[in-house]
file coords-v4.txt (compact mmCIF, C-alpha atoms)
# COMPACT_ATOMS: atom_id res chain seq x y z
CA MET A 1247 0.00 0.00 0.00
CA LYS A 1248 1.20 3.50 -0.80
CA ILE A 1249 -0.18 6.79 0.50
CA GLU A 1250 0.44 9.78 -1.74
CA TYR A 1251 2.64 12.45 -0.21
CA ASP A 1252 0.67 15.30 1.40
CA VAL A 1253 2.69 18.26 2.67
CA ASN A 1254 0.04 19.23 5.25
CA LEU A 1255 -0.08 15.71 6.66
CA PHE A 1256 3.72 15.63 6.74
CA LYS A 1257 3.70 18.86 8.78
CA LYS A 1258 1.24 17.32 11.25
CA ILE A 1259 3.43 14.25 11.58
CA ALA A 1260 6.54 16.42 12.06
CA GLN A 1261 4.85 18.37 14.86
CA PHE A 1262 3.53 15.23 16.58
CA HIS A 1263 5.74 13.85 19.33
CA ALA A 1264 5.44 10.31 20.57
CA ASN A 1265 7.52 8.96 23.41
CA ASP A 1266 7.64 5.20 23.08
CA ILE A 1267 10.33 2.57 23.40
CA ILE A 1268 10.00 -0.54 21.26
CA GLU A 1269 12.19 -3.63 21.05
CA VAL A 1270 12.40 -5.03 17.53
CA ARG A 1271 14.17 -7.86 15.75
CA ASN A 1272 15.51 -7.88 12.24
CA ARG A 1273 15.22 -10.86 9.86
CA LYS A 1274 18.31 -12.44 11.39
CA GLY A 1275 16.81 -12.21 14.87
CA VAL A 1276 19.13 -9.47 16.08
CA ARG A 1277 17.36 -7.37 18.70
CA SER A 1278 17.53 -3.60 18.84
CA VAL A 1279 15.67 -0.81 20.58
CA ILE A 1280 13.97 2.12 18.91
CA HIS A 1281 13.00 5.22 20.86
CA VAL A 1282 10.12 6.73 18.91
CA GLN A 1283 9.92 10.47 19.50
CA ASN A 1284 9.71 12.43 16.26
CA ILE A 1285 8.38 10.09 13.57
CA THR A 1286 9.85 12.12 10.70
CA ARG A 1287 13.35 11.69 12.11
CA LEU A 1288 13.25 7.91 12.18
CA SER A 1289 15.65 6.31 9.75
CA TRP A 1290 14.41 4.17 6.89
CA GLN A 1291 15.86 1.15 8.65
CA ASN A 1292 13.93 1.92 11.85
CA LEU A 1293 10.73 2.50 9.90
CA GLN A 1294 11.18 -0.86 8.18
CA LEU A 1295 11.75 -2.58 11.50
CA LEU A 1296 8.70 -0.91 13.09
CA VAL A 1297 6.11 -0.99 10.31
CA SER A 1298 5.44 -4.02 8.16
CA GLY A 1299 3.00 -2.24 5.83
CA GLY A 1300 3.72 0.55 3.40
CA SER A 1301 6.09 0.51 0.51
CA ASP A 1302 7.71 3.90 1.06
CA ARG A 1303 8.92 6.18 3.84
CA PHE A 1304 5.91 8.52 3.86
CA THR A 1305 3.38 5.68 4.06
CA LYS A 1306 5.22 4.08 6.97
CA MET A 1307 5.33 7.46 8.77
CA VAL A 1308 1.57 7.92 8.22
CA PHE A 1309 0.88 4.46 9.66
CA LEU A 1310 2.95 5.25 12.77
CA TYR A 1311 1.31 8.66 13.15
CA GLN A 1312 -2.15 7.13 12.90
CA HIS A 1313 -1.19 4.42 15.37
CA TYR A 1314 0.16 6.83 17.98
CA ASN A 1315 -2.53 9.41 17.40
CA ASN A 1316 -5.19 6.72 17.91
CA ILE A 1317 -6.72 7.54 14.54
CA GLN A 1318 -6.59 3.91 13.51
CA SER A 1319 -5.17 0.87 15.21
CA PHE A 1320 -2.46 -0.86 13.23
CA SER A 1321 -1.55 -3.54 15.73
CA ASN A 1322 -1.00 -5.98 12.88
CA LEU A 1323 1.28 -3.50 11.08
CA ILE A 1324 3.41 -2.37 14.01
CA ARG A 1325 6.21 -4.81 14.70
CA GLY A 1326 8.17 -5.28 17.86
CA THR A 1327 7.29 -5.34 21.51
CA GLN A 1328 6.34 -2.19 23.30
CA LEU A 1329 7.64 -2.01 26.82
CA THR A 1330 5.07 -1.92 29.58
CA VAL A 1331 3.92 1.46 30.83
CA ASN A 1332 5.97 0.97 34.01
CA GLU A 1333 9.10 -0.02 32.10
CA SER A 1334 8.80 2.96 29.75
CA CYS A 1335 8.12 5.46 32.53
CA GLU A 1336 11.03 4.25 34.63
CA ILE A 1337 13.43 4.21 31.68
CA LYS A 1338 12.39 7.75 30.78
CA LYS A 1339 12.94 8.89 34.41
CA TYR A 1340 16.36 7.22 34.41
CA ILE A 1341 17.29 8.90 31.11
CA ASP A 1342 16.02 12.26 32.38
CA ILE A 1343 18.33 12.02 35.40
CA TYR A 1344 21.21 11.23 33.04
CA LYS A 1345 20.49 14.18 30.77
CA VAL A 1346 19.51 16.81 33.35
CA ASN A 1347 22.71 16.20 35.29
CA ASP A 1348 24.91 16.04 32.18
CA PHE A 1349 26.22 12.63 33.17
CA THR A 1350 28.49 10.82 30.74
CA GLU A 1351 28.47 7.33 32.25
CA HIS A 1352 25.53 5.23 33.34
CA HIS A 1353 26.92 4.42 36.79
CA GLU A 1354 26.68 8.13 37.63
CA VAL A 1355 22.89 7.81 37.44
CA ASN A 1356 22.97 4.81 39.79
CA ASP A 1357 25.17 6.73 42.22
CA TYR A 1358 22.84 9.74 42.05
CA ILE A 1359 19.77 7.57 42.66
CA SER A 1360 21.47 5.86 45.62
CA THR A 1361 22.75 9.12 47.14
CA ASN A 1362 19.28 10.68 46.90
CA SER A 1363 17.41 7.52 48.02
CA LEU A 1364 15.38 7.36 44.81
CA TRP A 1365 15.45 3.62 44.09
CA ASP A 1366 11.77 3.36 45.10
CA LEU A 1367 11.01 5.29 41.87
CA PHE A 1368 12.43 2.36 39.87
CA PRO A 1369 10.77 -0.84 41.19
CA THR A 1370 10.73 -2.46 37.74
CA LEU A 1371 14.30 -1.60 36.66
CA ARG A 1372 16.26 -1.88 39.89
CA SER A 1373 18.41 -4.79 40.91
CA MET A 1374 21.25 -5.72 43.19
CA ASN A 1375 24.15 -6.31 40.83
CA ASP A 1376 26.98 -8.68 41.61
CA HIS A 1377 30.22 -7.71 39.88
CA GLY A 1378 32.22 -10.45 41.58
CA ARG A 1379 34.89 -10.23 44.29
CA GLY A 1380 32.25 -9.21 46.84
CA LYS A 1381 31.26 -6.12 44.86
CA LEU A 1382 27.46 -5.92 45.20
CA VAL A 1383 25.90 -2.61 44.11
CA LYS A 1384 22.47 -1.17 43.44
CA GLY A 1385 21.79 -0.76 39.76
CA ILE A 1386 19.45 -1.77 36.97
CA GLN A 1387 18.76 -5.13 35.37
CA PRO A 1388 20.84 -6.01 32.28
CA LYS A 1389 17.81 -5.92 29.96
CA TYR A 1390 17.14 -2.28 30.86
CA PHE A 1391 20.83 -1.40 30.92
CA LYS A 1392 21.07 -2.51 27.29
CA ILE A 1393 17.98 -0.49 26.30
CA ILE A 1394 19.20 2.66 28.05
CA CYS A 1395 22.68 2.39 26.53
CA LYS A 1396 21.12 2.04 23.08
CA ILE A 1397 18.87 5.08 23.56
CA LEU A 1398 21.66 7.24 24.98
CA ASN A 1399 24.18 5.89 22.48
CA ILE A 1400 26.65 5.00 25.21
CA THR A 1401 28.59 1.89 26.05
CA GLY A 1402 29.09 0.31 29.42
CA ASP A 1403 32.16 1.60 31.18
CA TYR A 1404 35.26 -0.39 31.74
CA GLY A 1405 34.44 -1.60 35.26
CA ASP A 1406 34.01 -5.21 36.33
CA SER A 1407 31.48 -7.06 34.24
CA LEU A 1408 28.20 -8.14 35.78
CA LYS A 1409 28.30 -11.70 37.13
CA ASP A 1410 24.74 -11.91 38.44
CA TYR A 1411 21.82 -9.74 39.50
CA THR A 1412 18.72 -9.97 41.64
CA ALA A 1413 15.64 -7.83 41.07
CA TYR A 1414 14.22 -6.41 44.28

call {"tool": "encode", "arguments": {"input": "coords-v4.txt", "output": "structure tokens"}}
result
Amino acid sequence: MKIEYDVNLFKKIAQFHANDIIEVRNRKGVRSVIHVQNITRLSWQNLQLLVSGGSDRFTKMVFLYQHYNNIQSFSNLIRGTQLTVNESCEIKKYIDIYKVNDFTEHHEVNDYISTNSLWDLFPTLRSMNDHGRGKLVKGIQPKYFKIICKILNITGDYGDSLKDYTAY
């Protein structure tokens, strides 16, 4: 299906802001995370991973816009797994702390949350992380760590790797 380009509709889509985090898999099964904010800024690759219908960029953007704007449900066209409301909210709070404080490494957020006794704001993400050699620290579960690193375009630092974790 192809929707003819409409400049007015494109402007509406460009002004619309979603805030969703979706895990997707490509044909080879490789998982990645897409943070949907401004639909018009999504790459062609991300649009292909998110939307199964539509043969061109504009059509895929229209489908996403209609989906997020509740104009029409395209549950069979949208690929991937949306995070739960709790997961999304907590990840967004975590990312906000990172950005507002101009942190450059993820562990700075964990330290900030611990220092300010904020771990109760993250019941879904939080975990006790075992880095071996008796080093047990409060942090986030590996699944969410990977998502946050992808969204922030950061890598884990060069500390001890995670041996085990326990959600609490």

call {"tool": "closest_residue", "arguments": {"input": "coords-v4.txt", "among": "A:Thr1361, A:Thr1286, A:Asn1356, A:Thr1401", "to": "Lys1384 in chain A", "atoms": "all atoms listed in the file"}}
result
A:Asn1356

call {"tool": "residues_around", "arguments": {"input": "coords-v4.txt", "residues": "range 1325-1334 of chain A", "least_positions_apart": "3", "cutoff": "6 Å", "atoms": "all atoms listed in the file", "output": "PyMOL selection string"}}
result
chain A and resi 1268-1270+1296-1297+1337

call {"tool": "closest_residue", "arguments": {"input": "coords-v4.txt", "among": "A:Asn1315, A:Ser1301, A:Asn1399, A:Asn1265", "to": "His1281 in chain A", "atoms": "all atoms listed in the file"}}
result
A:Asn1265

call {"tool": "closest_residue", "arguments": {"input": "coords-v4.txt", "among": "A:Val1346, A:Cys1335, A:Val1383, A:Val1355", "to": "Leu1367 in chain A", "atoms": "all atoms listed in the file"}}
result
A:Cys1335

call {"tool": "atom_distance", "arguments": {"input": "coords-v4.txt", "atom1": "CA of Ser1407 in chain A", "atom2": "CA of Ile1280 in chain A"}}
result
25.0 Å

call {"tool": "atom_distance", "arguments": {"input": "coords-v4.txt", "atom1": "CA of Val1253 in chain A", "atom2": "CA of Ile1285 in chain A"}}
result
14.8 Å

call {"tool": "atom_distance", "arguments": {"input": "coords-v4.txt", "atom1": "CA of Trp1290 in chain A", "atom2": "CA of Phe1304 in chain A"}}
result
10.0 Å
